[in-house]
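my_file_36.txt (compact mmCIF, C-alpha atoms and all ligand atoms)
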```
# COMPACT_ATOMS: atom_id res chain seq x y z
CA MET A 182 112.08 110.14 123.71
CA GLU A 183 108.88 110.29 125.81
CA PHE A 184 105.52 111.54 124.45
CA GLU A 185 102.00 111.55 125.84
CA VAL A 186 100.59 109.86 122.73
CA ILE A 187 102.29 108.12 119.81
CA ILE A 188 100.25 107.86 116.63
CA VAL A 189 101.47 105.18 114.24
CA GLY A 190 100.21 106.04 110.74
CA GLY A 191 100.04 109.65 109.61
CA SER A 192 97.48 109.82 106.84
CA TYR A 193 93.89 111.08 107.15
CA ALA A 194 92.97 109.34 110.42
CA GLY A 195 96.39 109.83 112.00
CA LEU A 196 96.92 113.45 110.99
CA GLN A 197 93.45 114.41 112.21
CA ALA A 198 94.06 112.57 115.49
CA GLY A 199 97.36 114.46 115.75
CA MET A 200 95.65 117.81 115.21
CA THR A 201 92.95 117.08 117.78
CA LEU A 202 95.47 115.92 120.39
CA GLY A 203 97.89 118.73 119.59
CA ARG A 204 95.10 121.25 120.05
CA ALA A 205 94.33 119.53 123.36
CA LEU A 206 97.86 120.45 124.48
CA ARG A 207 99.11 116.87 124.24
CA ASN A 208 102.69 116.17 123.37
CA VAL A 209 102.26 113.93 120.31
CA LEU A 210 104.51 112.01 117.94
CA ILE A 211 103.15 110.87 114.58
CA ILE A 212 105.20 108.18 112.81
CA ASP A 213 104.31 107.69 109.15
CA SER A 214 105.81 105.62 106.35
CA GLY A 215 104.13 107.67 103.58
CA LYS A 216 102.12 104.93 101.85
CA PRO A 217 98.39 105.78 102.03
CA CYS A 218 96.14 103.27 100.25
CA ASN A 219 94.72 105.84 97.82
CA ALA A 220 98.10 107.27 96.69
CA GLN A 221 97.54 106.36 93.03
CA THR A 222 94.11 107.89 92.56
CA PRO A 223 94.27 111.10 90.46
CA HIS A 224 91.09 112.54 92.02
CA SER A 225 89.88 111.95 95.54
CA HIS A 226 86.16 112.65 95.76
CA ASN A 227 83.42 113.22 98.30
CA PHE A 228 85.37 115.01 101.03
CA LEU A 229 83.84 118.42 101.47
CA THR A 230 86.15 121.34 100.48
CA ARG A 231 88.67 118.96 98.85
CA ASP A 232 86.50 117.24 96.22
CA GLY A 233 88.51 116.14 93.16
CA GLU A 234 91.97 116.93 94.55
CA THR A 235 94.87 114.50 94.56
CA PRO A 236 95.54 112.65 97.82
CA ALA A 237 98.97 114.33 97.90
CA ALA A 238 97.41 117.81 97.68
CA ILE A 239 95.06 117.04 100.58
CA THR A 240 97.95 115.73 102.69
CA LYS A 241 100.07 118.79 101.83
CA VAL A 242 97.46 121.15 103.30
CA ALA A 243 97.06 118.88 106.35
CA LEU A 244 100.81 118.88 106.99
CA GLU A 245 101.06 122.67 106.55
CA GLN A 246 98.28 123.18 109.07
CA LEU A 247 99.74 120.66 111.53
CA SER A 248 103.17 122.26 111.36
CA THR A 249 101.79 125.31 113.19
CA TYR A 250 101.27 123.21 116.35
CA ASN A 251 104.41 122.92 118.42
CA THR A 252 102.74 120.14 120.39
CA VAL A 253 102.92 117.78 117.39
CA GLN A 254 106.05 116.14 115.98
CA LEU A 255 106.13 114.21 112.73
CA LEU A 256 108.59 111.48 111.93
CA HIS A 257 108.93 109.88 108.52
CA GLY A 258 109.60 106.21 109.20
CA LYS A 259 108.11 102.79 109.69
CA ALA A 260 107.14 101.49 113.12
CA VAL A 261 108.27 97.87 113.21
CA HIS A 262 107.98 96.89 116.84
CA GLY A 263 105.56 97.72 119.63
CA GLU A 264 105.80 96.68 123.23
CA LYS A 265 104.04 97.39 126.54
CA THR A 266 106.08 99.15 129.24
CA ALA A 267 105.40 99.90 132.90
CA SER A 268 104.02 103.34 132.02
CA GLY A 269 102.59 102.76 128.52
CA PHE A 270 104.13 101.69 125.25
CA ALA A 271 107.42 101.69 123.36
CA ILE A 272 107.52 101.88 119.59
CA THR A 273 110.67 101.10 117.61
CA THR A 274 111.14 102.21 114.03
CA GLU A 275 112.91 100.49 111.15
CA ALA A 276 115.76 102.97 111.65
CA GLY A 277 116.22 101.58 115.17
CA ASP A 278 114.89 104.55 117.18
CA THR A 279 112.62 103.85 120.15
CA PHE A 280 109.95 106.24 121.41
CA THR A 281 107.71 105.85 124.44
CA ALA A 282 104.26 107.17 125.33
CA LYS A 283 101.44 106.67 127.81
CA LYS A 284 98.91 105.98 125.05
CA LEU A 285 99.12 104.57 121.56
CA MET A 286 96.93 105.27 118.56
CA ILE A 287 97.15 102.99 115.53
CA THR A 288 95.98 104.59 112.27
CA THR A 289 97.90 102.45 109.82
CA GLY A 290 95.15 101.65 107.30
CA ILE A 291 94.88 98.50 105.23
CA LYS A 292 96.65 97.02 102.21
CA ASP A 293 94.50 95.92 99.26
CA LEU A 294 95.48 92.57 97.80
CA LEU A 295 94.98 93.15 94.08
CA PRO A 296 94.31 90.16 91.81
CA ASP A 297 97.29 89.08 89.75
CA ILE A 298 95.82 90.24 86.43
CA PRO A 299 98.08 92.41 84.23
CA GLY A 300 96.83 95.99 84.21
CA VAL A 301 94.86 95.88 87.47
CA ALA A 302 97.61 97.44 89.58
CA GLU A 303 98.25 100.20 87.00
CA CYS A 304 94.52 101.05 86.82
CA TRP A 305 93.83 100.80 90.59
CA GLY A 306 92.06 103.94 91.81
CA ILE A 307 91.96 105.34 88.27
CA SER A 308 89.62 103.11 86.27
CA VAL A 309 89.67 99.92 88.35
CA ILE A 310 87.83 101.21 91.36
CA HIS A 311 86.48 99.93 94.66
CA CYS A 312 83.84 102.44 95.70
CA PRO A 313 80.98 104.18 93.87
CA TYR A 314 80.86 107.00 96.42
CA CYS A 315 84.50 107.83 95.62
CA HIS A 316 84.49 107.38 91.82
CA GLY A 317 81.00 106.32 90.65
CA TYR A 318 79.79 109.76 89.54
CA GLU A 319 82.65 110.12 87.05
CA VAL A 320 81.77 106.86 85.26
CA ALA A 321 78.00 106.91 85.71
CA ASN A 322 75.98 105.46 82.82
CA GLN A 323 79.16 104.11 81.19
CA PRO A 324 79.82 100.49 80.16
CA THR A 325 81.17 99.06 83.37
CA GLY A 326 82.55 95.73 84.54
CA ILE A 327 82.36 94.17 87.96
CA LEU A 328 85.02 91.71 89.02
CA GLY A 329 83.38 89.42 91.55
CA ASN A 330 81.54 86.20 92.11
CA GLY A 331 78.96 84.64 94.41
CA ASP A 332 77.29 86.71 97.13
CA GLY A 333 79.91 89.49 97.02
CA GLY A 334 79.76 89.87 93.25
CA PHE A 335 75.96 89.89 93.27
CA GLU A 336 75.85 92.47 96.06
CA THR A 337 78.23 94.72 94.11
CA VAL A 338 76.06 94.44 90.99
CA LYS A 339 72.98 95.35 93.04
CA LEU A 340 74.74 98.47 94.35
CA ILE A 341 76.40 99.61 91.13
CA GLN A 342 73.32 99.21 88.90
CA HIS A 343 72.12 102.41 90.58
CA TRP A 344 74.97 104.28 88.83
CA THR A 345 74.90 102.44 85.49
CA LYS A 346 72.65 99.82 83.91
CA ASP A 347 75.32 98.87 81.33
CA LEU A 348 76.95 96.17 83.46
CA THR A 349 78.97 93.01 82.90
CA LEU A 350 79.86 90.74 85.80
CA PHE A 351 83.19 88.94 85.33
CA THR A 352 83.34 85.91 87.61
CA ASN A 353 86.89 85.13 86.40
CA GLY A 354 86.22 81.38 86.40
CA PRO A 355 83.17 79.19 87.08
CA SER A 356 80.24 81.19 88.46
CA THR A 357 79.18 80.59 92.06
CA LEU A 358 76.00 82.65 91.63
CA THR A 359 72.78 80.92 92.64
CA GLY A 360 70.00 80.25 90.11
CA GLU A 361 67.94 83.00 91.76
CA MET A 362 70.81 85.52 91.36
CA MET A 363 71.30 84.52 87.69
CA GLU A 364 67.59 84.99 87.06
CA GLN A 365 67.68 88.49 88.59
CA LEU A 366 70.73 89.47 86.51
CA THR A 367 69.25 88.13 83.26
CA ARG A 368 66.01 90.00 83.90
CA ARG A 369 68.04 93.23 84.17
CA HIS A 370 70.12 92.46 81.04
CA ILE A 371 73.31 92.23 83.10
CA ARG A 372 75.81 89.99 81.33
CA VAL A 373 77.77 87.34 83.24
CA ILE A 374 81.12 86.22 81.78
CA GLU A 375 82.87 83.24 83.33
CA THR A 376 85.91 83.15 81.01
CA PRO A 377 88.97 84.07 83.07
CA LEU A 378 90.50 87.51 82.59
CA LYS A 379 93.82 87.73 80.73
CA ALA A 380 94.48 91.46 81.12
CA ILE A 381 93.08 94.93 81.50
CA ILE A 382 93.89 96.99 78.41
CA HIS A 383 94.62 100.56 79.39
CA ASP A 384 96.47 103.75 78.64
CA GLN A 385 98.17 105.17 81.73
CA GLY A 386 95.62 103.58 84.03
CA TYR A 387 92.55 104.52 82.00
CA LEU A 388 91.13 101.22 80.74
CA SER A 389 89.42 100.71 77.39
CA ALA A 390 88.66 96.98 77.53
CA VAL A 391 88.95 93.78 79.48
CA GLU A 392 90.74 91.01 77.57
CA LEU A 393 89.60 87.47 78.26
CA ALA A 394 91.60 84.24 78.16
CA ASP A 395 90.05 83.41 74.76
CA ASP A 396 91.36 86.78 73.43
CA THR A 397 87.88 88.35 73.32
CA LYS A 398 88.00 92.04 74.20
CA VAL A 399 85.07 93.57 76.09
CA PRO A 400 85.09 97.39 75.71
CA LEU A 401 84.50 99.16 79.03
CA LYS A 402 85.13 102.46 80.78
CA ALA A 403 85.56 101.18 84.32
CA VAL A 404 85.74 98.04 86.44
CA TYR A 405 84.69 97.75 90.07
CA ALA A 406 86.72 95.21 92.01
CA ARG A 407 86.04 93.92 95.51
CA VAL A 408 89.46 92.85 96.70
CA PRO A 409 90.61 91.23 99.95
CA PHE A 410 92.89 93.14 102.30
CA ILE A 411 95.37 92.71 105.11
CA GLN A 412 96.31 95.11 107.88
CA HIS A 413 99.01 97.51 106.65
CA SER A 414 100.91 97.09 109.91
CA ASP A 415 101.18 94.27 112.45
CA ILE A 416 101.77 96.57 115.44
CA ALA A 417 98.19 96.01 116.70
CA ALA A 418 98.64 92.23 116.45
CA GLN A 419 102.04 92.39 118.17
CA LEU A 420 100.43 94.19 121.11
CA GLY A 421 97.60 91.67 121.42
CA CYS A 422 94.68 93.69 119.99
CA GLU A 423 91.72 91.56 118.94
CA PHE A 424 90.42 91.56 115.37
CA THR A 425 86.94 91.13 113.91
CA THR A 426 86.10 88.27 111.54
CA SER A 427 86.40 90.76 108.67
CA GLY A 428 90.05 91.41 109.62
CA HIS A 429 89.54 94.86 111.16
CA ILE A 430 90.91 95.87 114.56
CA LYS A 431 88.10 95.46 117.10
CA VAL A 432 87.16 98.88 118.55
CA THR A 433 84.40 100.57 120.49
CA GLU A 434 82.46 103.48 119.01
CA PHE A 435 85.30 105.85 119.96
CA GLY A 436 88.23 103.77 118.78
CA LYS A 437 89.19 101.97 122.00
CA THR A 438 90.75 98.60 121.14
CA THR A 439 90.61 95.52 123.36
CA VAL A 440 94.01 96.45 124.85
CA GLU A 441 93.92 99.15 127.53
CA GLY A 442 95.68 102.32 126.35
CA ILE A 443 95.59 101.45 122.63
CA TYR A 444 93.19 103.14 120.22
CA ALA A 445 92.62 102.77 116.49
CA ALA A 446 90.88 104.81 113.79
CA GLY A 447 90.37 104.80 110.04
CA ASP A 448 90.40 101.97 107.52
CA ASN A 449 92.15 99.52 109.85
CA CYS A 450 89.09 99.26 112.08
CA SER A 451 86.15 100.29 109.90
CA MET A 452 84.30 99.00 106.87
CA LEU A 453 83.21 102.57 106.10
CA ARG A 454 86.13 103.41 103.88
CA GLY A 455 86.53 107.05 102.92
CA VAL A 456 88.67 110.10 103.67
CA ALA A 457 85.86 111.85 105.55
CA ASN A 458 85.20 108.72 107.64
CA ALA A 459 88.89 108.35 108.48
CA VAL A 460 89.13 112.01 109.49
CA ALA A 461 85.97 111.77 111.63
CA ALA A 462 87.19 108.58 113.30
CA GLY A 463 90.62 110.11 113.98
CA LEU A 464 89.00 113.09 115.66
CA ALA A 465 86.61 110.97 117.75
CA ALA A 466 89.32 108.57 118.93
CA ALA A 467 91.69 111.43 119.77
CA ALA A 468 89.03 113.26 121.79
CA PHE A 469 88.32 110.00 123.62
CA VAL A 470 92.00 109.36 124.43
CA ASN A 471 92.38 112.90 125.66
CA ARG A 472 89.28 112.60 127.85
CA GLU A 473 90.64 109.39 129.39
CA MET A 474 93.97 111.05 130.09
CA ILE A 475 92.29 114.06 131.69
CA TRP A 476 90.19 111.76 133.88
CA GLU A 477 93.25 109.69 134.90
CA GLN A 478 95.30 112.79 135.72
CA PHE A 479 92.39 114.40 137.62
CA GLU A 480 91.93 111.32 139.81
CA ASN A 481 95.64 110.96 140.56
CA GLU A 482 96.25 114.57 141.53
C1 LIG B 1 92.47 103.37 95.24
C2 LIG B 1 91.65 104.07 96.28
C3 LIG B 1 90.96 105.23 95.97
C4 LIG B 1 90.21 105.88 96.95
N1 LIG B 1 89.51 107.00 96.62
C5 LIG B 1 88.81 107.65 97.58
C6 LIG B 1 88.08 108.83 97.25
O1 LIG B 1 88.02 109.26 96.10
N2 LIG B 1 87.41 109.45 98.27
C7 LIG B 1 87.41 108.97 99.56
O2 LIG B 1 86.81 109.58 100.44
N3 LIG B 1 88.10 107.84 99.88
C8 LIG B 1 88.79 107.18 98.92
N4 LIG B 1 89.45 106.03 99.24
C9 LIG B 1 89.43 105.55 100.62
C10 LIG B 1 90.43 106.36 101.47
O3 LIG B 1 91.62 106.52 100.76
C11 LIG B 1 90.70 105.65 102.80
O4 LIG B 1 89.47 105.46 103.47
C12 LIG B 1 91.64 106.49 103.66
O5 LIG B 1 92.86 106.65 103.01
C13 LIG B 1 91.83 105.84 105.03
O6 LIG B 1 92.68 106.64 105.77
P1 LIG B 1 93.61 106.00 106.90
O7 LIG B 1 94.32 107.14 107.52
O8 LIG B 1 92.81 105.10 107.76
O9 LIG B 1 94.61 105.03 106.10
P2 LIG B 1 95.63 105.35 104.92
O10 LIG B 1 95.24 106.59 104.21
O11 LIG B 1 95.78 104.12 104.12
O12 LIG B 1 96.99 105.67 105.66
C14 LIG B 1 97.65 104.79 106.50
C15 LIG B 1 99.01 105.41 106.78
O13 LIG B 1 99.69 104.61 107.77
C16 LIG B 1 101.03 104.45 107.32
N5 LIG B 1 101.56 103.23 107.94
C17 LIG B 1 101.15 101.95 107.78
N6 LIG B 1 101.90 101.11 108.52
C18 LIG B 1 102.81 101.88 109.15
C19 LIG B 1 103.87 101.60 110.05
N7 LIG B 1 104.13 100.35 110.46
N8 LIG B 1 104.63 102.64 110.51
C20 LIG B 1 104.35 103.91 110.12
N9 LIG B 1 103.36 104.24 109.25
C21 LIG B 1 102.61 103.23 108.79
C22 LIG B 1 100.94 104.36 105.81
O14 LIG B 1 102.18 104.63 105.20
C23 LIG B 1 99.89 105.43 105.52
O15 LIG B 1 100.46 106.70 105.37
C24 LIG B 1 90.17 105.35 98.27
C25 LIG B 1 90.88 104.18 98.58
C26 LIG B 1 91.60 103.54 97.60
C27 LIG B 1 92.33 102.27 97.94
```

Will you turn the file into structure tokens for me?
Amino acid sequence: MEFEVIIVGGSYAGLQAGMTLGRALRNVLIIDSGKPCNAQTPHSHNFLTRDGETPAAITKVALEQLSTYNTVQLLHGKAVHGEKTASGFAITTEAGDTFTAKKLMITTGIKDLLPDIPGVAECWGISVIHCPYCHGYEVANQPTGILGNGDGGFETVKLIQHWTKDLTLFTNGPSTLTGEMMEQLTRRHIRVIETPLKAIIHDQGYLSAVELADDTKVPLKAVYARVPFIQHSDIAAQLGCEFTTSGHIKVTEFGKTTVEGIYAAGDNCSMLRGVANAVAAGLAAAAFVNREMIWEQFENE
């Protein structure tokens, strides 16, 4: 089936891009596998009009609103193969269906690689958190841990001490902090624990302590963890898009990738992680794609 634009990834960035393109009278297909990165968080914060709602509730409203546009089609499925064609792109899903379009937008997000410590996965987005703007207010001034080491760990401490002064940095093995960093932490009464973590003790994702390899338990209310990530989908790589050194898809200000006709928006191409950012990026990239298509059609008429 032929569309004007295929959007791979139908969460915040993709659904917003779909709405913008649908409202621009573009015939759009959104393919989504239903696994947004924040699915487990009980309260999504800091997105105006939806503060504190579950991710599922936000998506439900988005889907209801999108369903009123007959220009937009939604397909639940996973895009597994992307290829260039004479007139654009072909995307094949896991179910074996192939769809074609002139332009392609990739809004597939990223996958967090959680450390292999029992309890981290269960607490992710609940009390093991990645972002103070999303969850910091709820645990402000509480005893808080930071899982990190070296420059990254120190930078996280520097940021989070604005929300709470009661901080413990867990380096989970020998510290790689410099003497100058250690001096700064000691001066601010921030504890540094090098003993590896054994587990996060929690009740339904709400942690009460971090247990160390020597069986010591450190009572806490929350832990911030900076974790590595990979791209959630390899469609951009398959089609030859370039990546930044941080592992994001390389894009211009309006989401144009290094491959002509392919655009990206949201977490997969931005360090500014957040629902509002993903929505804004989806809108900007969609408006840019549409403008390019109008220009191309205008010149060829
Ligand atoms: C635990 C956690 C809690 C968070 N809490 C907050 C918060 O409170 N407030 C806030 O503003 N932000 C929060 N964030 C950040 C926010 O969730 C992300 O910035 C946002 O989800 C990014 O949107 P996105 O559309 O780029 O990607 P995602 O929301 O991750 O969605 C990507 C979509 O693409 C789909 N997909 C991937 N590959 C394929 C494929 N091959 N074929 C088809 N579909 C595919 C996925 O299934 C998914 O639906 C949180 C993030 C995490 C990890």

Counting all atoms listed in the file, the option among A:Val440, A:Leu348, A:Ile291, A:Ala468 closest to A:Ala403: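 Distance minimum relative to A:Ala403 lands on A:Leu348.
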
Residue among A:Asp415, A:Asp232, A:Glu303, A:Glu361 lying closest to A:Val261, counting only C-alpha atoms: A:Asp415

Distance of atom CA of A:Thr249 from atom CA of A:Trp476, expressed in Å to one decimal place: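 These two atoms are separated by 27.3 Å.
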
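Contact shell of A:Thr240 at 9 Å (all atoms listed in the file; same-chain neighbours under 6 positions omitted): Ser192, Tyr193 and Leu196 of chain A.
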
Near-A:Val309 list (8 Å; all atoms listed in the file; drop same-chain fewer than 4 positions) as JSON, numbers by chain: {"A": [301, 304, 305, 388, 403, 404, 405, 406]}

Residue among A:Gly463, A:Gly203, A:Gly331, A:Gly277 lying closest to ligand LIG 1 (chain B), counting all atoms listed in the file: A:Gly463

Would you give the centre and edge lengths, in Å to one decimal, of a box along x, y and z around the listed atoms of ligand LIG 1 (chain B), with 8 Å added to each side, as AutoDock Vina command-line options?
```
--center_x 95.7 --center_y 105.0 --center_z 102.9 --size_x 33.8 --size_y 25.2 --size_z 31.3
```

Residue nearest ligand LIG 1 (chain B) among A:Asp448, A:Glu434, A:Glu482, A:Glu336 (counting all atoms listed in the file):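 Smallest distance to ligand LIG 1 (chain B) is found for A:Asp448.
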
Using all atoms listed in the file, which protein or nucleic acid residues come within 7 Å of A:Tyr387? Drop anything in the same chain fewer than 4 positions from it, and give the result as a short mmCIF file (atom, residue, chain, number, x, y, z; two decimals) with C-alpha atoms, in the coordinates of the input.
```cif
data_model
loop_
_atom_site.label_atom_id
_atom_site.label_comp_id
_atom_site.auth_asym_id
_atom_site.auth_seq_id
_atom_site.Cartn_x
_atom_site.Cartn_y
_atom_site.Cartn_z
CA CYS A 304 94.52 101.05 86.82
CA ILE A 307 91.96 105.34 88.27
CA SER A 308 89.62 103.11 86.27
CA HIS A 383 94.62 100.56 79.39
#
```

Contacts of A:Lys284 at 10 Å (only C-alpha atoms; same-chain gap of 4+ positions) as a PyMOL selection string: chain A and resi 184-188+209+268-271+441-444+470-471+473-474

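The gap separating atom CA of A:Met286 from atom CA of A:Thr439 is 12.6 Å, in Å to one decimal.
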
Point (97.7, 102.6, 118.8) neighbourhood (12 Å, only C-alpha atoms) written as number ranges by chain: A: 186-191, 194-195, 198, 210-212, 260, 262-265, 269-272, 281-290, 414-422, 430, 432, 436-447, 449-450, 463, 466-467, 470

Å distance separating atom CA of A:Ala220 from atom CA of A:Gly455, one decimal place: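 Atom CA of A:Gly455 lies at a distance of 13.1 Å from atom CA of A:Ala220.
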
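Using all atoms listed in the file, the shortest contact distance between ligand LIG 1 (chain B) and any of A:Gly333, A:Gly306, A:Gly317, A:Pro324 is found at A:Gly306.
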
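Closest approach to A:Arg472 from the set A:Thr201, A:Asn330, A:Thr337, A:Thr274 is made by A:Thr201, with distances taken over all atoms listed in the file.
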
Non-local contacts of A:Arg369 (10 Å; only C-alpha atoms; under 5 positions in same chain excluded) as an MDAnalysis selection string: chainID A and resid 342 346:348 363:364

Expected answer as a list of chain:residue names: all residues with atoms within 9 Å of (80.5, 102.8, 97.3), all atoms listed in the file: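 The requested residues, written out, are A:His311, A:Cys312, A:Pro313, A:Tyr314, A:Cys315, A:His316, A:Gly317, A:Thr337, A:Leu340, A:Ile341, A:Arg454.
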
Because the input lacks atoms here, generate N, CA and C atoms for stretch 352-371 of chain A and report them as a compact mmCIF listing (two decimals), in the coordinates of the input.
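Dumped to out_5.txt:
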```txt
# COMPACT_ATOMS: atom_id res chain seq x y z
N THR A 352 83.11 86.79 86.45
CA THR A 352 83.34 85.91 87.61
C THR A 352 84.75 85.33 87.60
N ASN A 353 85.48 85.54 86.50
CA ASN A 353 86.89 85.13 86.40
C ASN A 353 87.06 83.64 86.72
N GLY A 354 86.24 82.82 86.13
CA GLY A 354 86.22 81.38 86.40
C GLY A 354 84.77 80.96 86.62
N PRO A 355 84.55 79.69 86.94
CA PRO A 355 83.17 79.19 87.08
C PRO A 355 82.35 80.04 88.07
N SER A 356 81.12 80.35 87.63
CA SER A 356 80.24 81.19 88.46
C SER A 356 79.81 80.44 89.71
N THR A 357 79.74 81.17 90.82
CA THR A 357 79.18 80.59 92.06
C THR A 357 77.88 81.30 92.41
N LEU A 358 77.29 81.97 91.41
CA LEU A 358 76.00 82.65 91.63
C LEU A 358 74.90 81.60 91.73
N THR A 359 73.90 81.86 92.54
CA THR A 359 72.78 80.92 92.64
C THR A 359 71.86 81.12 91.42
N GLY A 360 70.96 80.15 91.21
CA GLY A 360 70.00 80.25 90.11
C GLY A 360 69.14 81.50 90.24
N GLU A 361 68.77 81.82 91.48
CA GLU A 361 67.94 83.00 91.76
C GLU A 361 68.70 84.30 91.38
N MET A 362 69.99 84.34 91.71
CA MET A 362 70.81 85.52 91.36
C MET A 362 70.90 85.64 89.84
N MET A 363 71.17 84.51 89.16
CA MET A 363 71.30 84.52 87.69
C MET A 363 70.01 85.04 87.06
N GLU A 364 68.90 84.60 87.61
CA GLU A 364 67.59 84.99 87.06
C GLU A 364 67.42 86.52 87.19
N GLN A 365 67.80 87.04 88.34
CA GLN A 365 67.68 88.49 88.59
C GLN A 365 68.58 89.29 87.63
N LEU A 366 69.78 88.77 87.40
CA LEU A 366 70.73 89.47 86.51
C LEU A 366 70.22 89.43 85.07
N THR A 367 69.74 88.28 84.64
CA THR A 367 69.25 88.13 83.26
C THR A 367 68.07 89.07 83.03
N ARG A 368 67.19 89.13 84.02
CA ARG A 368 66.01 90.00 83.90
C ARG A 368 66.42 91.47 83.71
N ARG A 369 67.58 91.83 84.27
CA ARG A 369 68.04 93.23 84.17
C ARG A 369 69.06 93.41 83.05
N HIS A 370 69.19 92.41 82.18
CA HIS A 370 70.12 92.46 81.04
C HIS A 370 71.56 92.69 81.48
N ILE A 371 71.91 92.13 82.63
CA ILE A 371 73.31 92.23 83.10
C ILE A 371 74.03 90.95 82.67
```
